[in-house]
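Here's the structure, in structure tokens; my notes come after.
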Amino acid sequence: MPGTVLENLSGRKLSVLVTVLLLSQLACFLVGLISPSPASSQPILATVCVDKNPSADSMDRWFARTCPHRIELSNVAATEQLKSNNLVFAMEMPQHMNDFSRWQQNLAGVLQFDVVYTEGGKLINTMIELTLDARLAYSDKLADGGQTPWTYYKHSKAKRYVAFLIYMDCHFDEHHNMKDKVGYPYSCTMVPLFELGSLYHDYYLLNLRIIYDERLNLNTHLGKVDDIYLHIIHMNGGFTKVWVSMKTVFFPLIIGVMIWFWNRVHLLARTPALLEYMLIYLGSALVFLNFPVEYFTLFFDMPYMLLLTDIRQGVFYAMLLSFWLVFTGEHMLIQESGDRNSLKKYWKHLSSIVIGCVSLLVFDLCERGIHLVNPFHSIWVTPIGTNLALTFVICAGLSVGVYFIFLCYMIWRVFKNISVKKSILPSMTQARRLHYEGIMYRFTFLMAATLVCAGITVVSFIFNQYTQGEHKWDDSMDIEWTSVIHTGVYGMWNVYICALLMLYAPSHKQWPSEPLSEEVEFSRLSSDTTATPNEISSLTSFVAKANIE
């Protein structure tokens with residue numbers, strides 16, 4: 001029975017293949033190096049408009065940057081006769097008369113309040129509960145250069161929906177040396193406001209009202225607000241084009257390699273082995289991830305794109321982590337029973353992965369799933385929700401870390417198991433000894449590559465979970481997860497899985513009884529080794545054999 005391409009491919013051809021794969025990986029890093037950053041942020045200062053008829057609750061009334069009655073909150077005289085409900089904070093997106101591109105994919109908004117110290121008005125509580133009336137509208141460009149009227153999109157209002165409460169932590173620098181502290185700003189945390197899963201329209205408008213009601217105790221402890229900034233975060237269109245271009249290249253390539261792999265498996269007179277099934281499942285998960293669905297967002301409004309992206313990544317992570325467990329487990333070969341090639345052996349390990357992925361899916365549905373109905377919803381906006389979300393994120397990071405340690409332990413057992421079998425190599429004939437030594441060397445290199453890929457994947461997963469946490473926005477609006485990491489890790493997954501599909505494909509080359517040249521073709525030797533019907537590697541046969549002559 002023939003072995004795998006990894007065993008039978010000549011040293012020269014294998015060197016060429018590995019070189020091509022490494023150059024492909026290097027190209028992915030270089031593409032990220034010259035690409036724009038994945039995301040950008042813009043600060044937008046709110047225009048304070050005066051609503052002389054705040055009781056007119058109509059979704060057709062919108063206040064833009066050019067509203068007729070504008071004031072400055074720092075002008076005390078202009079605000080003396082006004083109530084909080086008369087003020088509308090208008091923010092047009094994007095700024096500087098630009099327009100959004102559908103290549104920018106998604107949009108998130110974070111508020112920054114400039115609360116200043118007033119004489120006798122020191123904040124009693126540092127944790128302030130805000131009740132906001134937030135409304136979103138959109139507009140599109142016209143052929144003549146103008147734009148369509150503002151059209152209602154989404155809104156959240158406390159007295160009509162579940163209370164939209166945002167908690168903001170403010171504190172004052174007591175060591176400030178100024179004698180007159182009046183007008184000195186408090187240091188307040190930023191608060192998340194909304195997240196849109198698509199940027200289908202050219203312009204967006206946010207109208208924000210700070211509802212004040214002493215009877216209901218709404219915003220009574222806020223203090224004096226001088227300004228409100230909206231920080232918007234969106235994907236860079238240039239990076240999205242690079243990202244989709246990579247998917248467009250890898251998508252048909254992986255499909256072609258999978259078809260070639262499966263055809264070679266079916267040419268053999270045996271049922272596919274467990275590892276071959278797992279490779280096909282892993283390739284299918286990668287194809288699902290590679291599918292460039294972003295092209296559809298250029299023509300259709302797809303607000304569920306963020307959720308769909310998370311689901312695709314979750315499926316791929318689950319399959320990749322499961323594959324590594326089966327991959328290392330199949331090469332440990334600590335027993336010769338048929339159960340070795342059944343998923344029943346790995347049900348404990350795989351069930352833990354399933355539980356972890358389902359937990360993250362539930363968390364994601366609670367966050368981005370509800371965004372499909374209400375983009376202003378966020379699990380991060382209350383102290384309890386923030387603690388719960390952080391618990392999910394921390395547990396996910398710890399679970400992945402524990403998984404990596406366990407995977408390293410399994411790989412160590414694989415190497416230990418093989419090293420024990422190396423002691424019998426000197427008793428073999430020269431051809432057989434060279435054959436198995438070459439296979440072991442190649443397999444050692446592949447397992448080392450697996451360990452590196454797993455380590456980078458774990459680090460990128462933990463870092464991604466950390467940067468997605470909205471608490472990060474409190475520290476800095478600077479987004480530094482560079483394009484190199486994105487394209488490098490994504491390219492690594494494709495190169496690694498492509499290599500596995502090619503190297504673990506069944507080989508149809510026949511090994512001669514004696515070497516015909518100085519170059520040794522590491523193909524499967526005819527031997528007396530008794531192999532199970534679905535073993536795919538002569539290395540597995542060698543390690544599993546209890547006694548070798």
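In the structure tokens, chains take the letters A, B, ... in the order shown, each chain's residues start at 1, and ligands count up from 1 in the order shown.
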Where does DSSP see alpha helix (DSSP H) in stretch 251-464 of chain A, if you list the residues as a count of residues only?
155
Give me the residues near A:Leu282 as a PyMOL selection string, where near means some atom within 7 Å (using only C-alpha atoms) and where sequence neighbours in that chain fewer than 3 positions away do not count.
chain A and resi 278-279+285-286+319-320
Which polymer residues have any atom within 6 Å of an atom of stretch 37-53 of chain A, counting only C-alpha atoms, with same-chain residues fewer than 3 positions away left out, as a ChimeraX atom specification?
/A:56,65,69-71,86-91,228-236,239,482-483
Could you please take those selected residues and save C-alpha atoms as a tab-separated table (two decimals), in the first residue's frame?
chain	number	residue	atom	x	y	z
A	56	ALA	CA	-42.64	67.50	18.54
A	65	ARG	CA	-24.36	70.77	11.00
A	69	HIS	CA	-29.97	78.00	15.52
A	70	ARG	CA	-26.53	77.02	16.79
A	71	ILE	CA	-24.90	77.88	20.10
A	86	ASN	CA	-33.88	72.11	23.88
A	87	LEU	CA	-30.38	71.04	22.91
A	88	VAL	CA	-29.66	68.61	20.09
A	89	PHE	CA	-26.10	67.48	19.47
A	90	ALA	CA	-25.73	66.96	15.72
A	91	MET	CA	-22.85	64.96	14.25
A	228	ILE	CA	-19.30	66.16	23.04
A	229	TYR	CA	-17.04	64.35	20.61
A	230	LEU	CA	-18.02	61.35	18.55
A	231	HIS	CA	-15.09	59.11	17.62
A	232	ILE	CA	-16.00	56.98	14.63
A	233	ILE	CA	-14.05	53.81	13.77
A	234	HIS	CA	-14.25	52.24	10.34
A	235	MET	CA	-12.33	49.86	8.13
A	236	ASN	CA	-9.95	51.40	5.62
A	239	PHE	CA	-7.03	47.49	3.29
A	482	THR	CA	-1.25	46.23	11.85
A	483	SER	CA	-1.94	44.97	8.39
Find the nearest atom pair between each residue of stretch 36-143 of chain A and stretch 185-208 of chain A for residues within 10 Å, count only C-alpha atoms, give distances in Å to one decimal, sort rows by chain and ascending number, and present the table as JSON lines.
{"residue": "A:Ala46", "atom": "CA", "partner": "A:Leu208", "partner_atom": "CA", "distance": 9.1}
{"residue": "A:Thr47", "atom": "CA", "partner": "A:Asn207", "partner_atom": "CA", "distance": 9.7}
{"residue": "A:Val48", "atom": "CA", "partner": "A:Leu208", "partner_atom": "CA", "distance": 9.6}
{"residue": "A:Cys49", "atom": "CA", "partner": "A:Asn207", "partner_atom": "CA", "distance": 9.6}
{"residue": "A:Arg61", "atom": "CA", "partner": "A:Asn207", "partner_atom": "CA", "distance": 9.9}
{"residue": "A:Trp62", "atom": "CA", "partner": "A:Asn207", "partner_atom": "CA", "distance": 7.2}
{"residue": "A:Phe63", "atom": "CA", "partner": "A:Asn207", "partner_atom": "CA", "distance": 6.7}
{"residue": "A:Ala64", "atom": "CA", "partner": "A:Leu205", "partner_atom": "CA", "distance": 7.2}
{"residue": "A:Arg65", "atom": "CA", "partner": "A:Leu205", "partner_atom": "CA", "distance": 9.2}
{"residue": "A:Leu87", "atom": "CA", "partner": "A:Leu208", "partner_atom": "CA", "distance": 8.6}
{"residue": "A:Val88", "atom": "CA", "partner": "A:Leu208", "partner_atom": "CA", "distance": 5.7}
{"residue": "A:Phe89", "atom": "CA", "partner": "A:Leu208", "partner_atom": "CA", "distance": 5.0}
{"residue": "A:Ala90", "atom": "CA", "partner": "A:Asn207", "partner_atom": "CA", "distance": 4.8}
{"residue": "A:Met91", "atom": "CA", "partner": "A:Leu206", "partner_atom": "CA", "distance": 5.1}
{"residue": "A:Glu92", "atom": "CA", "partner": "A:Leu205", "partner_atom": "CA", "distance": 4.6}
{"residue": "A:Met93", "atom": "CA", "partner": "A:Tyr204", "partner_atom": "CA", "distance": 5.1}
{"residue": "A:Pro94", "atom": "CA", "partner": "A:Tyr203", "partner_atom": "CA", "distance": 6.7}
{"residue": "A:Gln95", "atom": "CA", "partner": "A:Tyr203", "partner_atom": "CA", "distance": 9.5}
{"residue": "A:Met97", "atom": "CA", "partner": "A:Tyr203", "partner_atom": "CA", "distance": 9.3}
{"residue": "A:Asn98", "atom": "CA", "partner": "A:Tyr203", "partner_atom": "CA", "distance": 8.4}
{"residue": "A:Asp99", "atom": "CA", "partner": "A:Asp202", "partner_atom": "CA", "distance": 5.1}
{"residue": "A:Phe100", "atom": "CA", "partner": "A:Asp202", "partner_atom": "CA", "distance": 4.8}
{"residue": "A:Ser101", "atom": "CA", "partner": "A:Asp202", "partner_atom": "CA", "distance": 6.7}
{"residue": "A:Arg102", "atom": "CA", "partner": "A:Leu199", "partner_atom": "CA", "distance": 5.4}
{"residue": "A:Trp103", "atom": "CA", "partner": "A:Leu199", "partner_atom": "CA", "distance": 8.0}
{"residue": "A:Gln104", "atom": "CA", "partner": "A:Leu199", "partner_atom": "CA", "distance": 6.7}
{"residue": "A:Gln105", "atom": "CA", "partner": "A:Ser198", "partner_atom": "CA", "distance": 5.1}
{"residue": "A:Asn106", "atom": "CA", "partner": "A:Ser198", "partner_atom": "CA", "distance": 4.5}
{"residue": "A:Leu107", "atom": "CA", "partner": "A:Leu196", "partner_atom": "CA", "distance": 5.1}
{"residue": "A:Ala108", "atom": "CA", "partner": "A:Glu195", "partner_atom": "CA", "distance": 4.2}
{"residue": "A:Gly109", "atom": "CA", "partner": "A:Phe194", "partner_atom": "CA", "distance": 5.3}
{"residue": "A:Val110", "atom": "CA", "partner": "A:Pro192", "partner_atom": "CA", "distance": 4.3}
{"residue": "A:Leu111", "atom": "CA", "partner": "A:Val191", "partner_atom": "CA", "distance": 5.2}
{"residue": "A:Gln112", "atom": "CA", "partner": "A:Met190", "partner_atom": "CA", "distance": 4.9}
{"residue": "A:Phe113", "atom": "CA", "partner": "A:Cys188", "partner_atom": "CA", "distance": 6.9}
{"residue": "A:Asp114", "atom": "CA", "partner": "A:Pro185", "partner_atom": "CA", "distance": 6.5}
{"residue": "A:Val115", "atom": "CA", "partner": "A:Tyr186", "partner_atom": "CA", "distance": 5.6}
{"residue": "A:Val116", "atom": "CA", "partner": "A:Pro185", "partner_atom": "CA", "distance": 4.0}
{"residue": "A:Tyr117", "atom": "CA", "partner": "A:Pro185", "partner_atom": "CA", "distance": 6.0}
{"residue": "A:Thr118", "atom": "CA", "partner": "A:Pro185", "partner_atom": "CA", "distance": 9.5}
{"residue": "A:Lys122", "atom": "CA", "partner": "A:Tyr186", "partner_atom": "CA", "distance": 9.9}
{"residue": "A:Leu123", "atom": "CA", "partner": "A:Tyr186", "partner_atom": "CA", "distance": 9.5}
{"residue": "A:Thr126", "atom": "CA", "partner": "A:Cys188", "partner_atom": "CA", "distance": 9.1}
{"residue": "A:Met127", "atom": "CA", "partner": "A:Cys188", "partner_atom": "CA", "distance": 9.7}
{"residue": "A:Ile128", "atom": "CA", "partner": "A:Cys188", "partner_atom": "CA", "distance": 9.9}
{"residue": "A:Leu132", "atom": "CA", "partner": "A:Leu208", "partner_atom": "CA", "distance": 6.9}
{"residue": "A:Asp133", "atom": "CA", "partner": "A:Leu208", "partner_atom": "CA", "distance": 5.8}
{"residue": "A:Ala134", "atom": "CA", "partner": "A:Leu208", "partner_atom": "CA", "distance": 4.7}
{"residue": "A:Arg135", "atom": "CA", "partner": "A:Asn207", "partner_atom": "CA", "distance": 5.2}
{"residue": "A:Leu136", "atom": "CA", "partner": "A:Leu206", "partner_atom": "CA", "distance": 4.8}
{"residue": "A:Ala137", "atom": "CA", "partner": "A:Leu205", "partner_atom": "CA", "distance": 5.0}
{"residue": "A:Tyr138", "atom": "CA", "partner": "A:Tyr204", "partner_atom": "CA", "distance": 4.3}
{"residue": "A:Ser139", "atom": "CA", "partner": "A:Tyr203", "partner_atom": "CA", "distance": 5.0}
{"residue": "A:Asp140", "atom": "CA", "partner": "A:Asp202", "partner_atom": "CA", "distance": 4.9}
{"residue": "A:Lys141", "atom": "CA", "partner": "A:Asp202", "partner_atom": "CA", "distance": 6.4}
Give me, please, the distance in Å between atom CA of A:Gly11 and atom CA of A:Tyr496, quoted to one decimal.
19.3 Å
Write out as a PyMOL selection string all residues of stretch 96-296 of chain A that DSSP puts in strand (DSSP E or B) for this structure's backbone.
chain A and resi 107-116+127-139+141+147+151-156+165-171+185+187-188+191-196+203-210+213+218+224-235
Can you write out the residues you just picked, keeping C-alpha atoms, as a CSV table (one decimal), in the first residue's frame?
chain,number,residue,atom,x,y,z
A,107,LEU,CA,-18.8,51.8,11.5
A,108,ALA,CA,-18.6,52.1,15.2
A,109,GLY,CA,-19.2,55.2,17.3
A,110,VAL,CA,-17.8,56.1,20.7
A,111,LEU,CA,-18.7,59.2,22.7
A,112,GLN,CA,-16.4,61.5,24.7
A,113,PHE,CA,-17.9,64.0,27.1
A,114,ASP,CA,-16.1,67.1,28.1
A,115,VAL,CA,-17.5,67.7,31.6
A,116,VAL,CA,-16.0,70.8,33.4
A,127,MET,CA,-20.0,56.8,38.2
A,128,ILE,CA,-22.6,58.7,36.3
A,129,GLU,CA,-25.7,57.2,34.7
A,130,LEU,CA,-26.6,58.7,31.3
A,131,THR,CA,-30.0,58.4,29.6
A,132,LEU,CA,-29.7,59.3,26.0
A,133,ASP,CA,-32.1,59.8,23.0
A,134,ALA,CA,-30.0,58.8,20.0
A,135,ARG,CA,-31.2,58.8,16.4
A,136,LEU,CA,-29.4,57.8,13.2
A,137,ALA,CA,-30.3,58.9,9.7
A,138,TYR,CA,-28.6,58.4,6.3
A,139,SER,CA,-28.3,60.2,3.0
A,141,LYS,CA,-25.0,61.3,-3.1
A,147,GLN,CA,-27.4,64.6,-1.5
A,151,THR,CA,-33.9,59.4,6.1
A,152,TYR,CA,-34.6,57.7,9.4
A,153,TYR,CA,-32.4,54.7,10.0
A,154,LYS,CA,-32.3,53.6,13.7
A,155,HIS,CA,-32.9,55.2,17.1
A,156,SER,CA,-32.9,54.3,20.8
A,165,LEU,CA,-28.1,53.5,30.0
A,166,ILE,CA,-24.5,54.3,29.6
A,167,TYR,CA,-22.2,54.5,32.6
A,168,MET,CA,-19.3,57.0,32.5
A,169,ASP,CA,-16.5,57.2,35.1
A,170,CYS,CA,-15.3,60.7,35.8
A,171,HIS,CA,-12.7,61.8,38.3
A,185,PRO,CA,-12.2,69.5,32.7
A,187,SER,CA,-11.2,63.1,33.0
A,188,CYS,CA,-14.0,60.9,31.8
A,191,VAL,CA,-18.6,55.3,26.2
A,192,PRO,CA,-19.6,53.1,23.2
A,193,LEU,CA,-22.7,54.3,21.4
A,194,PHE,CA,-23.4,52.3,18.3
A,195,GLU,CA,-22.0,49.8,15.8
A,196,LEU,CA,-23.2,49.3,12.2
A,203,TYR,CA,-23.6,59.9,4.8
A,204,TYR,CA,-24.9,59.3,8.3
A,205,LEU,CA,-26.3,61.8,10.8
A,206,LEU,CA,-26.5,61.3,14.6
A,207,ASN,CA,-28.9,63.4,16.6
A,208,LEU,CA,-28.2,63.1,20.3
A,209,ARG,CA,-30.3,64.5,23.2
A,210,ILE,CA,-29.4,64.3,26.9
A,213,ASP,CA,-35.9,65.0,34.2
A,218,LEU,CA,-32.6,61.3,34.6
A,224,LYS,CA,-21.8,70.9,33.0
A,225,VAL,CA,-21.0,69.6,29.6
A,226,ASP,CA,-18.9,71.8,27.4
A,227,ASP,CA,-18.5,69.6,24.3
A,228,ILE,CA,-19.3,66.2,23.0
A,229,TYR,CA,-17.0,64.3,20.6
A,230,LEU,CA,-18.0,61.3,18.5
A,231,HIS,CA,-15.1,59.1,17.6
A,232,ILE,CA,-16.0,57.0,14.6
A,233,ILE,CA,-14.0,53.8,13.8
A,234,HIS,CA,-14.2,52.2,10.3
A,235,MET,CA,-12.3,49.9,8.1
Gap from atom CA of A:Ser322 to atom CA of A:Val242 - Å, one decimal
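Spanning atom CA of A:Ser322 to atom CA of A:Val242 is a straight-line distance of 29.5 Å.
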